[in-house]
$ cat data.cif   # mmCIF, N, CA and C atoms
data_work
loop_
_atom_site.label_atom_id
_atom_site.label_comp_id
_atom_site.auth_asym_id
_atom_site.auth_seq_id
_atom_site.Cartn_x
_atom_site.Cartn_y
_atom_site.Cartn_z
N MET A 633 10.55 67.02 -19.81
CA MET A 633 11.57 66.20 -19.20
C MET A 633 10.92 64.97 -18.59
N ILE A 634 11.54 63.82 -18.75
CA ILE A 634 11.01 62.57 -18.23
C ILE A 634 11.51 62.40 -16.80
N SER A 635 10.59 62.06 -15.93
CA SER A 635 10.93 61.87 -14.52
C SER A 635 11.78 60.61 -14.37
N THR A 636 12.79 60.69 -13.50
CA THR A 636 13.64 59.52 -13.26
C THR A 636 13.06 58.62 -12.18
N THR A 637 12.14 59.14 -11.40
CA THR A 637 11.49 58.32 -10.38
C THR A 637 10.08 57.99 -10.84
N THR A 638 9.84 56.70 -10.98
CA THR A 638 8.52 56.27 -11.42
C THR A 638 7.97 55.26 -10.44
N ARG A 639 6.67 55.25 -10.33
CA ARG A 639 6.01 54.27 -9.48
C ARG A 639 5.95 52.94 -10.21
N PRO A 640 5.80 51.83 -9.48
CA PRO A 640 5.73 50.51 -10.14
C PRO A 640 4.61 50.42 -11.18
N THR A 641 3.46 51.05 -10.91
CA THR A 641 2.36 50.98 -11.88
C THR A 641 2.70 51.75 -13.16
N GLU A 642 3.47 52.83 -13.02
CA GLU A 642 3.88 53.58 -14.20
C GLU A 642 4.84 52.76 -15.05
N ARG A 643 5.76 52.04 -14.40
CA ARG A 643 6.69 51.18 -15.13
C ARG A 643 5.95 50.06 -15.85
N THR A 644 4.95 49.48 -15.20
CA THR A 644 4.16 48.42 -15.81
C THR A 644 3.38 48.96 -17.00
N THR A 645 2.79 50.14 -16.84
CA THR A 645 2.05 50.76 -17.94
C THR A 645 2.99 51.09 -19.09
N ASP A 646 4.16 51.67 -18.79
CA ASP A 646 5.13 51.98 -19.84
C ASP A 646 5.56 50.71 -20.58
N ARG A 647 5.74 49.63 -19.84
CA ARG A 647 6.14 48.36 -20.46
C ARG A 647 5.04 47.85 -21.38
N LYS A 648 3.80 47.94 -20.95
CA LYS A 648 2.68 47.49 -21.79
C LYS A 648 2.55 48.37 -23.03
N PHE A 649 2.72 49.67 -22.86
CA PHE A 649 2.69 50.58 -24.01
C PHE A 649 3.79 50.21 -24.99
N ARG A 650 4.99 49.98 -24.46
CA ARG A 650 6.14 49.66 -25.32
C ARG A 650 5.91 48.38 -26.10
N ILE A 651 5.40 47.35 -25.44
CA ILE A 651 5.14 46.08 -26.13
C ILE A 651 4.08 46.27 -27.20
N ALA A 652 3.00 46.97 -26.87
CA ALA A 652 1.95 47.23 -27.86
C ALA A 652 2.51 48.03 -29.03
N GLY A 653 3.36 49.01 -28.74
CA GLY A 653 3.98 49.81 -29.79
C GLY A 653 4.90 49.00 -30.68
N LEU A 654 5.65 48.09 -30.07
CA LEU A 654 6.55 47.24 -30.86
C LEU A 654 5.75 46.30 -31.76
N VAL A 655 4.65 45.76 -31.25
CA VAL A 655 3.81 44.87 -32.06
C VAL A 655 3.21 45.65 -33.23
N LEU A 656 2.66 46.82 -32.94
CA LEU A 656 2.06 47.65 -33.99
C LEU A 656 3.11 48.07 -35.01
N THR A 657 4.26 48.48 -34.53
CA THR A 657 5.36 48.86 -35.42
C THR A 657 5.77 47.68 -36.29
N GLY A 658 5.87 46.51 -35.70
CA GLY A 658 6.24 45.30 -36.45
C GLY A 658 5.27 45.01 -37.57
N LEU A 659 3.98 45.13 -37.29
CA LEU A 659 2.97 44.87 -38.32
C LEU A 659 3.07 45.87 -39.47
N VAL A 660 3.23 47.14 -39.12
CA VAL A 660 3.35 48.18 -40.15
C VAL A 660 4.61 47.96 -40.98
N VAL A 661 5.71 47.65 -40.32
CA VAL A 661 6.98 47.45 -41.02
C VAL A 661 6.90 46.23 -41.94
N LEU A 662 6.27 45.15 -41.47
CA LEU A 662 6.11 43.97 -42.33
C LEU A 662 5.32 44.31 -43.59
N PHE A 663 4.24 45.06 -43.42
CA PHE A 663 3.44 45.46 -44.57
C PHE A 663 4.26 46.31 -45.54
N LEU A 664 4.98 47.29 -45.01
CA LEU A 664 5.76 48.17 -45.88
C LEU A 664 6.96 47.45 -46.50
N LEU A 665 7.52 46.46 -45.79
CA LEU A 665 8.59 45.66 -46.38
C LEU A 665 8.06 44.80 -47.53
N PHE A 666 6.83 44.35 -47.41
CA PHE A 666 6.20 43.64 -48.53
C PHE A 666 6.11 44.57 -49.74
N ASP A 667 5.72 45.82 -49.49
CA ASP A 667 5.64 46.81 -50.56
C ASP A 667 7.01 47.04 -51.19
N VAL A 668 8.04 47.16 -50.36
CA VAL A 668 9.40 47.32 -50.86
C VAL A 668 9.78 46.12 -51.74
N THR A 669 9.46 44.94 -51.27
CA THR A 669 9.83 43.71 -51.98
C THR A 669 9.20 43.65 -53.37
N ILE A 670 7.90 43.95 -53.46
CA ILE A 670 7.27 43.86 -54.77
C ILE A 670 7.80 44.93 -55.73
N HIS A 671 8.24 46.07 -55.17
CA HIS A 671 8.83 47.10 -56.02
C HIS A 671 10.24 46.71 -56.47
N ILE A 672 11.02 46.15 -55.58
CA ILE A 672 12.38 45.72 -55.94
C ILE A 672 12.34 44.59 -56.95
N LEU A 673 11.44 43.63 -56.73
CA LEU A 673 11.32 42.50 -57.66
C LEU A 673 10.66 42.92 -58.96
N ASN A 674 10.05 44.10 -58.95
CA ASN A 674 9.41 44.65 -60.14
C ASN A 674 8.41 43.67 -60.74
N VAL A 675 7.57 43.10 -59.86
CA VAL A 675 6.57 42.12 -60.30
C VAL A 675 5.58 42.78 -61.26
N ASP A 676 4.94 41.95 -62.07
CA ASP A 676 4.04 42.47 -63.09
C ASP A 676 2.94 43.36 -62.52
N GLN A 677 2.37 42.96 -61.37
CA GLN A 677 1.30 43.76 -60.77
C GLN A 677 1.81 45.15 -60.39
N ALA A 678 3.02 45.23 -59.88
CA ALA A 678 3.60 46.53 -59.51
C ALA A 678 3.85 47.37 -60.75
N ARG A 679 4.37 46.75 -61.80
CA ARG A 679 4.62 47.48 -63.05
C ARG A 679 3.30 48.00 -63.63
N GLU A 680 2.29 47.13 -63.65
CA GLU A 680 0.98 47.54 -64.19
C GLU A 680 0.36 48.66 -63.36
N ALA A 681 0.49 48.56 -62.05
CA ALA A 681 -0.05 49.61 -61.17
C ALA A 681 0.65 50.94 -61.42
N MET A 682 1.96 50.89 -61.62
CA MET A 682 2.71 52.12 -61.89
C MET A 682 2.22 52.76 -63.19
N ILE A 683 2.01 51.95 -64.22
CA ILE A 683 1.52 52.46 -65.49
C ILE A 683 0.13 53.04 -65.32
N ASP A 684 -0.75 52.31 -64.61
CA ASP A 684 -2.12 52.79 -64.39
C ASP A 684 -2.15 54.12 -63.64
N LEU A 685 -1.18 54.32 -62.74
CA LEU A 685 -1.13 55.55 -61.96
C LEU A 685 -0.39 56.68 -62.68
N GLY A 686 0.15 56.38 -63.85
CA GLY A 686 0.80 57.42 -64.65
C GLY A 686 2.29 57.57 -64.39
N PHE A 687 2.92 56.56 -63.80
CA PHE A 687 4.36 56.59 -63.52
C PHE A 687 5.11 55.66 -64.45
N ASP A 688 6.37 55.96 -64.65
CA ASP A 688 7.26 55.07 -65.39
C ASP A 688 7.52 53.85 -64.50
N PRO A 689 7.27 52.63 -64.98
CA PRO A 689 7.47 51.45 -64.15
C PRO A 689 8.92 51.26 -63.71
N ASP A 690 9.85 51.89 -64.39
CA ASP A 690 11.25 51.78 -63.96
C ASP A 690 11.51 52.53 -62.65
N LEU A 691 10.56 53.34 -62.22
CA LEU A 691 10.68 54.04 -60.93
C LEU A 691 10.41 53.13 -59.74
N ASN A 692 10.02 51.89 -59.99
CA ASN A 692 9.78 50.95 -58.89
C ASN A 692 10.99 50.84 -57.98
N TYR A 693 12.18 50.81 -58.56
CA TYR A 693 13.40 50.67 -57.75
C TYR A 693 13.63 51.90 -56.88
N VAL A 694 13.40 53.06 -57.45
CA VAL A 694 13.58 54.31 -56.71
C VAL A 694 12.60 54.36 -55.54
N ILE A 695 11.35 54.02 -55.81
CA ILE A 695 10.34 54.03 -54.75
C ILE A 695 10.72 53.04 -53.65
N ALA A 696 11.22 51.88 -54.03
CA ALA A 696 11.61 50.87 -53.05
C ALA A 696 12.76 51.38 -52.16
N VAL A 697 13.73 52.02 -52.77
CA VAL A 697 14.89 52.52 -51.99
C VAL A 697 14.44 53.64 -51.05
N VAL A 698 13.61 54.55 -51.54
CA VAL A 698 13.13 55.65 -50.69
C VAL A 698 12.36 55.09 -49.50
N LEU A 699 11.47 54.15 -49.74
CA LEU A 699 10.69 53.56 -48.65
C LEU A 699 11.59 52.79 -47.70
N LEU A 700 12.57 52.10 -48.20
CA LEU A 700 13.49 51.34 -47.35
C LEU A 700 14.30 52.27 -46.44
N VAL A 701 14.75 53.39 -46.97
CA VAL A 701 15.49 54.37 -46.16
C VAL A 701 14.58 54.94 -45.07
N CYS A 702 13.35 55.28 -45.43
CA CYS A 702 12.39 55.80 -44.44
C CYS A 702 12.14 54.77 -43.34
N LEU A 703 11.98 53.50 -43.73
CA LEU A 703 11.75 52.44 -42.75
C LEU A 703 12.95 52.27 -41.83
N ALA A 704 14.15 52.30 -42.40
CA ALA A 704 15.36 52.16 -41.58
C ALA A 704 15.44 53.28 -40.54
N LEU A 705 15.16 54.50 -40.97
CA LEU A 705 15.19 55.63 -40.03
C LEU A 705 14.10 55.46 -38.96
N TYR A 706 12.95 54.95 -39.34
CA TYR A 706 11.84 54.74 -38.41
C TYR A 706 12.18 53.68 -37.36
N LEU A 707 12.95 52.68 -37.74
CA LEU A 707 13.26 51.59 -36.82
C LEU A 707 14.39 51.89 -35.85
N VAL A 708 15.26 52.83 -36.20
CA VAL A 708 16.37 53.20 -35.30
C VAL A 708 15.84 54.19 -34.28
N PRO A 709 15.93 53.86 -32.99
CA PRO A 709 15.35 54.75 -31.97
C PRO A 709 15.81 56.20 -32.06
N ALA A 710 17.07 56.43 -32.36
CA ALA A 710 17.59 57.80 -32.41
C ALA A 710 16.99 58.61 -33.56
N THR A 711 16.53 57.95 -34.62
CA THR A 711 15.99 58.65 -35.79
C THR A 711 14.53 58.29 -36.06
N SER A 712 13.86 57.68 -35.10
CA SER A 712 12.50 57.18 -35.32
C SER A 712 11.50 58.29 -35.64
N ILE A 713 11.64 59.44 -35.02
CA ILE A 713 10.71 60.54 -35.29
C ILE A 713 10.92 61.05 -36.72
N LEU A 714 12.17 61.22 -37.13
CA LEU A 714 12.46 61.63 -38.51
C LEU A 714 11.89 60.59 -39.48
N GLY A 715 12.07 59.31 -39.17
CA GLY A 715 11.54 58.26 -40.03
C GLY A 715 10.03 58.32 -40.14
N ALA A 716 9.35 58.58 -39.01
CA ALA A 716 7.88 58.69 -39.03
C ALA A 716 7.44 59.89 -39.86
N VAL A 717 8.16 61.00 -39.75
CA VAL A 717 7.82 62.19 -40.54
C VAL A 717 8.02 61.89 -42.03
N LEU A 718 9.12 61.25 -42.38
CA LEU A 718 9.38 60.92 -43.79
C LEU A 718 8.37 59.92 -44.32
N LEU A 719 8.01 58.92 -43.51
CA LEU A 719 6.98 57.97 -43.93
C LEU A 719 5.64 58.68 -44.13
N THR A 720 5.34 59.66 -43.30
CA THR A 720 4.11 60.43 -43.45
C THR A 720 4.11 61.16 -44.79
N GLY A 721 5.24 61.74 -45.16
CA GLY A 721 5.35 62.40 -46.46
C GLY A 721 5.22 61.42 -47.61
N TYR A 722 5.86 60.27 -47.49
CA TYR A 722 5.77 59.23 -48.52
C TYR A 722 4.31 58.80 -48.70
N LEU A 723 3.63 58.55 -47.59
CA LEU A 723 2.23 58.13 -47.65
C LEU A 723 1.33 59.24 -48.16
N GLY A 724 1.69 60.49 -47.87
CA GLY A 724 0.94 61.63 -48.40
C GLY A 724 1.01 61.67 -49.92
N GLY A 725 2.16 61.31 -50.46
CA GLY A 725 2.30 61.23 -51.91
C GLY A 725 1.40 60.15 -52.50
N ALA A 726 1.24 59.06 -51.77
CA ALA A 726 0.33 58.00 -52.22
C ALA A 726 -1.11 58.49 -52.22
N VAL A 727 -1.48 59.26 -51.19
CA VAL A 727 -2.84 59.82 -51.13
C VAL A 727 -3.07 60.75 -52.33
N ALA A 728 -2.11 61.63 -52.59
CA ALA A 728 -2.25 62.58 -53.70
C ALA A 728 -2.37 61.84 -55.04
N THR A 729 -1.55 60.82 -55.23
CA THR A 729 -1.60 60.04 -56.46
C THR A 729 -2.95 59.36 -56.63
N ASN A 730 -3.45 58.78 -55.54
CA ASN A 730 -4.76 58.12 -55.59
C ASN A 730 -5.88 59.12 -55.87
N MET A 731 -5.77 60.31 -55.32
CA MET A 731 -6.79 61.34 -55.58
C MET A 731 -6.76 61.77 -57.04
N LEU A 732 -5.56 61.99 -57.57
CA LEU A 732 -5.44 62.42 -58.98
C LEU A 732 -6.00 61.37 -59.94
N ASN A 733 -5.93 60.11 -59.54
CA ASN A 733 -6.42 59.03 -60.38
C ASN A 733 -7.86 58.64 -60.04
N GLU A 734 -8.50 59.47 -59.21
CA GLU A 734 -9.92 59.30 -58.86
C GLU A 734 -10.25 57.89 -58.37
N MET A 735 -9.46 57.41 -57.45
CA MET A 735 -9.67 56.10 -56.84
C MET A 735 -10.81 56.20 -55.82
N PRO A 736 -11.34 55.05 -55.39
CA PRO A 736 -12.37 55.06 -54.34
C PRO A 736 -11.81 55.65 -53.04
N LEU A 737 -12.65 56.41 -52.33
CA LEU A 737 -12.19 57.15 -51.17
C LEU A 737 -11.72 56.27 -50.01
N PHE A 738 -12.61 55.48 -49.43
CA PHE A 738 -12.29 54.77 -48.19
C PHE A 738 -11.35 53.59 -48.39
N SER A 739 -11.46 52.90 -49.51
CA SER A 739 -10.63 51.71 -49.71
C SER A 739 -9.25 52.03 -50.28
N THR A 740 -9.14 53.08 -51.07
CA THR A 740 -7.88 53.33 -51.76
C THR A 740 -7.25 54.66 -51.38
N ILE A 741 -7.99 55.75 -51.51
CA ILE A 741 -7.40 57.07 -51.22
C ILE A 741 -6.97 57.16 -49.77
N LEU A 742 -7.81 56.72 -48.85
CA LEU A 742 -7.50 56.87 -47.43
C LEU A 742 -6.63 55.74 -46.85
N PHE A 743 -6.37 54.69 -47.62
CA PHE A 743 -5.56 53.59 -47.09
C PHE A 743 -4.18 54.05 -46.60
N PRO A 744 -3.47 54.88 -47.37
CA PRO A 744 -2.18 55.37 -46.84
C PRO A 744 -2.35 56.20 -45.55
N VAL A 745 -3.47 56.86 -45.39
CA VAL A 745 -3.73 57.60 -44.15
C VAL A 745 -3.84 56.61 -42.99
N TYR A 746 -4.54 55.50 -43.21
CA TYR A 746 -4.66 54.48 -42.17
C TYR A 746 -3.29 53.95 -41.78
N VAL A 747 -2.45 53.72 -42.78
CA VAL A 747 -1.09 53.22 -42.50
C VAL A 747 -0.30 54.28 -41.73
N GLY A 748 -0.44 55.54 -42.11
CA GLY A 748 0.26 56.62 -41.41
C GLY A 748 -0.17 56.73 -39.95
N VAL A 749 -1.45 56.55 -39.70
CA VAL A 749 -1.95 56.56 -38.32
C VAL A 749 -1.31 55.43 -37.53
N LEU A 750 -1.20 54.26 -38.14
CA LEU A 750 -0.56 53.13 -37.47
C LEU A 750 0.93 53.36 -37.24
N VAL A 751 1.59 54.03 -38.18
CA VAL A 751 3.01 54.38 -38.01
C VAL A 751 3.18 55.23 -36.75
N TRP A 752 2.36 56.28 -36.65
CA TRP A 752 2.47 57.18 -35.50
C TRP A 752 1.98 56.54 -34.21
N ALA A 753 0.96 55.71 -34.29
CA ALA A 753 0.47 55.02 -33.09
C ALA A 753 1.54 54.09 -32.54
N GLY A 754 2.21 53.36 -33.41
CA GLY A 754 3.29 52.49 -32.96
C GLY A 754 4.41 53.26 -32.30
N LEU A 755 4.79 54.39 -32.90
CA LEU A 755 5.84 55.23 -32.33
C LEU A 755 5.39 55.84 -31.01
N TYR A 756 4.16 56.30 -30.97
CA TYR A 756 3.61 56.91 -29.76
C TYR A 756 3.64 55.92 -28.59
N LEU A 757 3.25 54.69 -28.87
CA LEU A 757 3.19 53.69 -27.81
C LEU A 757 4.56 53.21 -27.36
N ARG A 758 5.51 53.14 -28.29
CA ARG A 758 6.82 52.59 -27.91
C ARG A 758 7.81 53.63 -27.40
N ASP A 759 7.51 54.92 -27.56
CA ASP A 759 8.49 55.95 -27.20
C ASP A 759 7.89 56.95 -26.20
N PRO A 760 8.34 56.92 -24.94
CA PRO A 760 7.80 57.84 -23.94
C PRO A 760 8.09 59.31 -24.25
N VAL A 761 9.15 59.58 -24.99
CA VAL A 761 9.45 60.97 -25.36
C VAL A 761 8.37 61.50 -26.30
N VAL A 762 7.95 60.69 -27.25
CA VAL A 762 6.88 61.11 -28.16
C VAL A 762 5.59 61.32 -27.37
N ARG A 763 5.32 60.44 -26.41
CA ARG A 763 4.11 60.61 -25.57
C ARG A 763 4.19 61.89 -24.76
N SER A 764 5.39 62.28 -24.34
CA SER A 764 5.50 63.52 -23.56
C SER A 764 5.34 64.75 -24.43
N VAL A 765 5.73 64.65 -25.71
CA VAL A 765 5.60 65.78 -26.63
C VAL A 765 4.16 65.92 -27.11
N MET A 766 3.49 64.81 -27.33
CA MET A 766 2.11 64.80 -27.83
C MET A 766 1.21 64.05 -26.85
N PRO A 767 0.98 64.61 -25.67
CA PRO A 767 0.17 63.88 -24.69
C PRO A 767 -1.31 63.84 -25.07
N LEU A 768 -1.94 62.73 -24.74
CA LEU A 768 -3.40 62.65 -24.87
C LEU A 768 -3.96 63.06 -23.52
N ARG A 769 -4.80 64.06 -23.53
CA ARG A 769 -5.34 64.59 -22.27
C ARG A 769 -6.84 64.35 -22.19
N ARG A 770 -7.28 64.06 -21.01
CA ARG A 770 -8.71 63.94 -20.78
C ARG A 770 -9.25 65.30 -20.40
N ALA A 771 -10.40 65.64 -20.96
CA ALA A 771 -11.01 66.95 -20.67
C ALA A 771 -11.66 66.97 -19.31
#
$ encode --input "data.cif" --output "structure tokens"
Amino acid sequence: MISTTTRPTERTTDRKFRIAGLVLTGLVVLFLLFDVTIHILNVDQAREAMIDLGFDPDLNYVIAVVLLVCLALYLVPATSILGAVLLTGYLGGAVATNMLNEMPLFSTILFPVYVGVLVWAGLYLRDPVVRSVMPLRRA
């Protein structure tokens, strides 16, 4: 349960966390919206990448819609946790695909993991409820 009485320093800290979380969330969303855009426009690079990864390039539209729905859920405060969970699953699929295609580990296979960490970090910083559920504790 979140306390209704907070000290001024707690409010200042919460405000700083929220701003940092919104900035981080904005950066992640801009990157993922770029991904949605190239899939919707079905640009040659996206089509070629789909073929190289073993997918039908006509699935670009489906992938774009799925990612857009996940992003929308992530951006709405009431469904942000569900959106983060769904984005984590989406990014997990990217990791699995990259592994099956024997891509380089740190630059390609783990890139969706980096994005997933940023998704959760943005949510963690902007949402005090998430911070209360998953607190970082000092030993």
$ closest_residue --input "data.cif" --among "A:His671, A:Leu714, A:Asp759, A:Leu742" --to "Leu691 (chain A)" --atoms "all atoms listed in the file"
A:His671
$ closest_residue --input "data.cif" --among "A:Ala678, A:Tyr722, A:Ile713, A:Leu750" --to "Leu699 (chain A)" --atoms "all atoms listed in the file"
A:Tyr722
$ atom_distance --input "data.cif" --atom1 "atom N of Val697 (chain A)" --atom2 "atom N of Ala652 (chain A)"
28.5 Å
$ select_by_dssp --input "data.cif" --residues "chain A" --states "alpha helix (DSSP H)" --output "PyMOL selection string"
chain A and resi 640-672+676-684+692-707+712-732+743-758+760-765
$ atom_distance --input "data.cif" --atom1 "atom N of Arg643 (chain A)" --atom2 "atom N of Ala753 (chain A)"
20.8 Å
$ resolve_selection --input "data.cif" --expression "the PyMOL selection byres ((chain A and resi 727) around 7)" --output "list in words"
Tyr722, Leu723, Gly724, Gly725, Ala726, Ala728, Thr729, Asn730, Met731, Leu732, Thr740, Ile741, Leu742, Pro744 and Val745 of chain A
$ atom_distance --input "data.cif" --atom1 "atom C of Ser739 (chain A)" --atom2 "atom C of Met766 (chain A)"
28.3 Å
$ closest_residue --input "data.cif" --among "A:Gln677, A:Ser712, A:Thr669, A:Ser764" --to "Thr657 (chain A)" --atoms "only C-alpha atoms"
A:Ser712
$ closest_residue --input "data.cif" --among "A:Thr644, A:Asn674, A:Asn692, A:Thr720" --to "Tyr706 (chain A)" --atoms "only C-alpha atoms"
A:Thr720
$ residues_around --input "data.cif" --residues "Phe649 (chain A)" --least-positions-apart "4" --cutoff "8 Å" --atoms "all atoms listed in the file" --output "PyMOL selection string"
chain A and resi 643-645+653-655+754+756-759
$ decode --input "data.cif" --residues "region 659-668 of chain A" --atoms "all heavy atoms" --output "PDB file, in the first residue's frame"
ATOM      1  N   LEU A 659      12.114   7.419 -25.042  1.00  0.00           N
ATOM      2  CA  LEU A 659      13.171   6.950 -25.940  1.00  0.00           C
ATOM      3  C   LEU A 659      12.884   5.541 -26.449  1.00  0.00           C
ATOM      4  O   LEU A 659      13.035   5.257 -27.646  1.00  0.00           O
ATOM      5  CB  LEU A 659      14.522   6.991 -25.230  1.00  0.00           C
ATOM      6  CG  LEU A 659      15.053   8.387 -24.907  1.00  0.00           C
ATOM      7  CD1 LEU A 659      16.303   8.293 -24.048  1.00  0.00           C
ATOM      8  CD2 LEU A 659      15.333   9.164 -26.184  1.00  0.00           C
ATOM      9  N   VAL A 660      12.466   4.669 -25.552  1.00  0.00           N
ATOM     10  CA  VAL A 660      12.142   3.293 -25.944  1.00  0.00           C
ATOM     11  C   VAL A 660      10.970   3.280 -26.918  1.00  0.00           C
ATOM     12  O   VAL A 660      11.003   2.582 -27.939  1.00  0.00           O
ATOM     13  CB  VAL A 660      11.833   2.421 -24.702  1.00  0.00           C
ATOM     14  CG1 VAL A 660      11.236   1.088 -25.100  1.00  0.00           C
ATOM     15  CG2 VAL A 660      13.070   2.220 -23.870  1.00  0.00           C
ATOM     16  N   VAL A 661       9.945   4.060 -26.628  1.00  0.00           N
ATOM     17  CA  VAL A 661       8.762   4.090 -27.485  1.00  0.00           C
ATOM     18  C   VAL A 661       9.113   4.651 -28.866  1.00  0.00           C
ATOM     19  O   VAL A 661       8.656   4.131 -29.883  1.00  0.00           O
ATOM     20  CB  VAL A 661       7.614   4.875 -26.811  1.00  0.00           C
ATOM     21  CG1 VAL A 661       6.491   5.168 -27.788  1.00  0.00           C
ATOM     22  CG2 VAL A 661       7.091   4.104 -25.614  1.00  0.00           C
ATOM     23  N   LEU A 662       9.943   5.691 -28.911  1.00  0.00           N
ATOM     24  CA  LEU A 662      10.358   6.231 -30.218  1.00  0.00           C
ATOM     25  C   LEU A 662      11.086   5.175 -31.040  1.00  0.00           C
ATOM     26  O   LEU A 662      10.838   5.021 -32.242  1.00  0.00           O
ATOM     27  CB  LEU A 662      11.245   7.463 -30.036  1.00  0.00           C
ATOM     28  CG  LEU A 662      10.524   8.740 -29.647  1.00  0.00           C
ATOM     29  CD1 LEU A 662      11.535   9.857 -29.381  1.00  0.00           C
ATOM     30  CD2 LEU A 662       9.547   9.168 -30.735  1.00  0.00           C
ATOM     31  N   PHE A 663      11.979   4.436 -30.396  1.00  0.00           N
ATOM     32  CA  PHE A 663      12.699   3.378 -31.104  1.00  0.00           C
ATOM     33  C   PHE A 663      11.739   2.315 -31.623  1.00  0.00           C
ATOM     34  O   PHE A 663      11.819   1.903 -32.782  1.00  0.00           O
ATOM     35  CB  PHE A 663      13.757   2.744 -30.193  1.00  0.00           C
ATOM     36  CG  PHE A 663      14.382   1.530 -30.799  1.00  0.00           C
ATOM     37  CD1 PHE A 663      15.299   1.646 -31.831  1.00  0.00           C
ATOM     38  CD2 PHE A 663      14.032   0.261 -30.364  1.00  0.00           C
ATOM     39  CE1 PHE A 663      15.855   0.522 -32.415  1.00  0.00           C
ATOM     40  CE2 PHE A 663      14.578  -0.870 -30.944  1.00  0.00           C
ATOM     41  CZ  PHE A 663      15.498  -0.739 -31.978  1.00  0.00           C
ATOM     42  N   LEU A 664      10.815   1.878 -30.768  1.00  0.00           N
ATOM     43  CA  LEU A 664       9.880   0.825 -31.178  1.00  0.00           C
ATOM     44  C   LEU A 664       8.877   1.334 -32.213  1.00  0.00           C
ATOM     45  O   LEU A 664       8.450   0.578 -33.087  1.00  0.00           O
ATOM     46  CB  LEU A 664       9.185   0.225 -29.960  1.00  0.00           C
ATOM     47  CG  LEU A 664      10.112  -0.568 -29.030  1.00  0.00           C
ATOM     48  CD1 LEU A 664       9.371  -1.021 -27.773  1.00  0.00           C
ATOM     49  CD2 LEU A 664      10.737  -1.750 -29.743  1.00  0.00           C
ATOM     50  N   LEU A 665       8.515   2.618 -32.149  1.00  0.00           N
ATOM     51  CA  LEU A 665       7.647   3.184 -33.185  1.00  0.00           C
ATOM     52  C   LEU A 665       8.362   3.240 -34.534  1.00  0.00           C
ATOM     53  O   LEU A 665       7.739   3.059 -35.587  1.00  0.00           O
ATOM     54  CB  LEU A 665       7.162   4.584 -32.790  1.00  0.00           C
ATOM     55  CG  LEU A 665       6.005   4.635 -31.805  1.00  0.00           C
ATOM     56  CD1 LEU A 665       5.712   6.078 -31.412  1.00  0.00           C
ATOM     57  CD2 LEU A 665       4.766   3.964 -32.361  1.00  0.00           C
ATOM     58  N   PHE A 666       9.661   3.472 -34.506  1.00  0.00           N
ATOM     59  CA  PHE A 666      10.441   3.397 -35.741  1.00  0.00           C
ATOM     60  C   PHE A 666      10.357   1.988 -36.316  1.00  0.00           C
ATOM     61  O   PHE A 666      10.158   1.810 -37.524  1.00  0.00           O
ATOM     62  CB  PHE A 666      11.897   3.800 -35.482  1.00  0.00           C
ATOM     63  CG  PHE A 666      12.792   3.567 -36.661  1.00  0.00           C
ATOM     64  CD1 PHE A 666      12.761   4.430 -37.743  1.00  0.00           C
ATOM     65  CD2 PHE A 666      13.650   2.485 -36.695  1.00  0.00           C
ATOM     66  CE1 PHE A 666      13.584   4.215 -38.845  1.00  0.00           C
ATOM     67  CE2 PHE A 666      14.470   2.259 -37.783  1.00  0.00           C
ATOM     68  CZ  PHE A 666      14.435   3.127 -38.869  1.00  0.00           C
ATOM     69  N   ASP A 667      10.473   0.987 -35.445  1.00  0.00           N
ATOM     70  CA  ASP A 667      10.369  -0.400 -35.878  1.00  0.00           C
ATOM     71  C   ASP A 667       8.989  -0.677 -36.470  1.00  0.00           C
ATOM     72  O   ASP A 667       8.872  -1.333 -37.512  1.00  0.00           O
ATOM     73  CB  ASP A 667      10.661  -1.330 -34.698  1.00  0.00           C
ATOM     74  CG  ASP A 667      10.901  -2.767 -35.132  1.00  0.00           C
ATOM     75  OD1 ASP A 667      11.579  -2.976 -36.153  1.00  0.00           O
ATOM     76  OD2 ASP A 667      10.412  -3.679 -34.443  1.00  0.00           O
ATOM     77  N   VAL A 668       7.945  -0.184 -35.815  1.00  0.00           N
ATOM     78  CA  VAL A 668       6.581  -0.340 -36.334  1.00  0.00           C
ATOM     79  C   VAL A 668       6.475   0.296 -37.725  1.00  0.00           C
ATOM     80  O   VAL A 668       5.918  -0.296 -38.654  1.00  0.00           O
ATOM     81  CB  VAL A 668       5.549   0.303 -35.373  1.00  0.00           C
ATOM     82  CG1 VAL A 668       4.196   0.462 -36.046  1.00  0.00           C
ATOM     83  CG2 VAL A 668       5.409  -0.500 -34.098  1.00  0.00           C
TER      84      VAL A 668
END
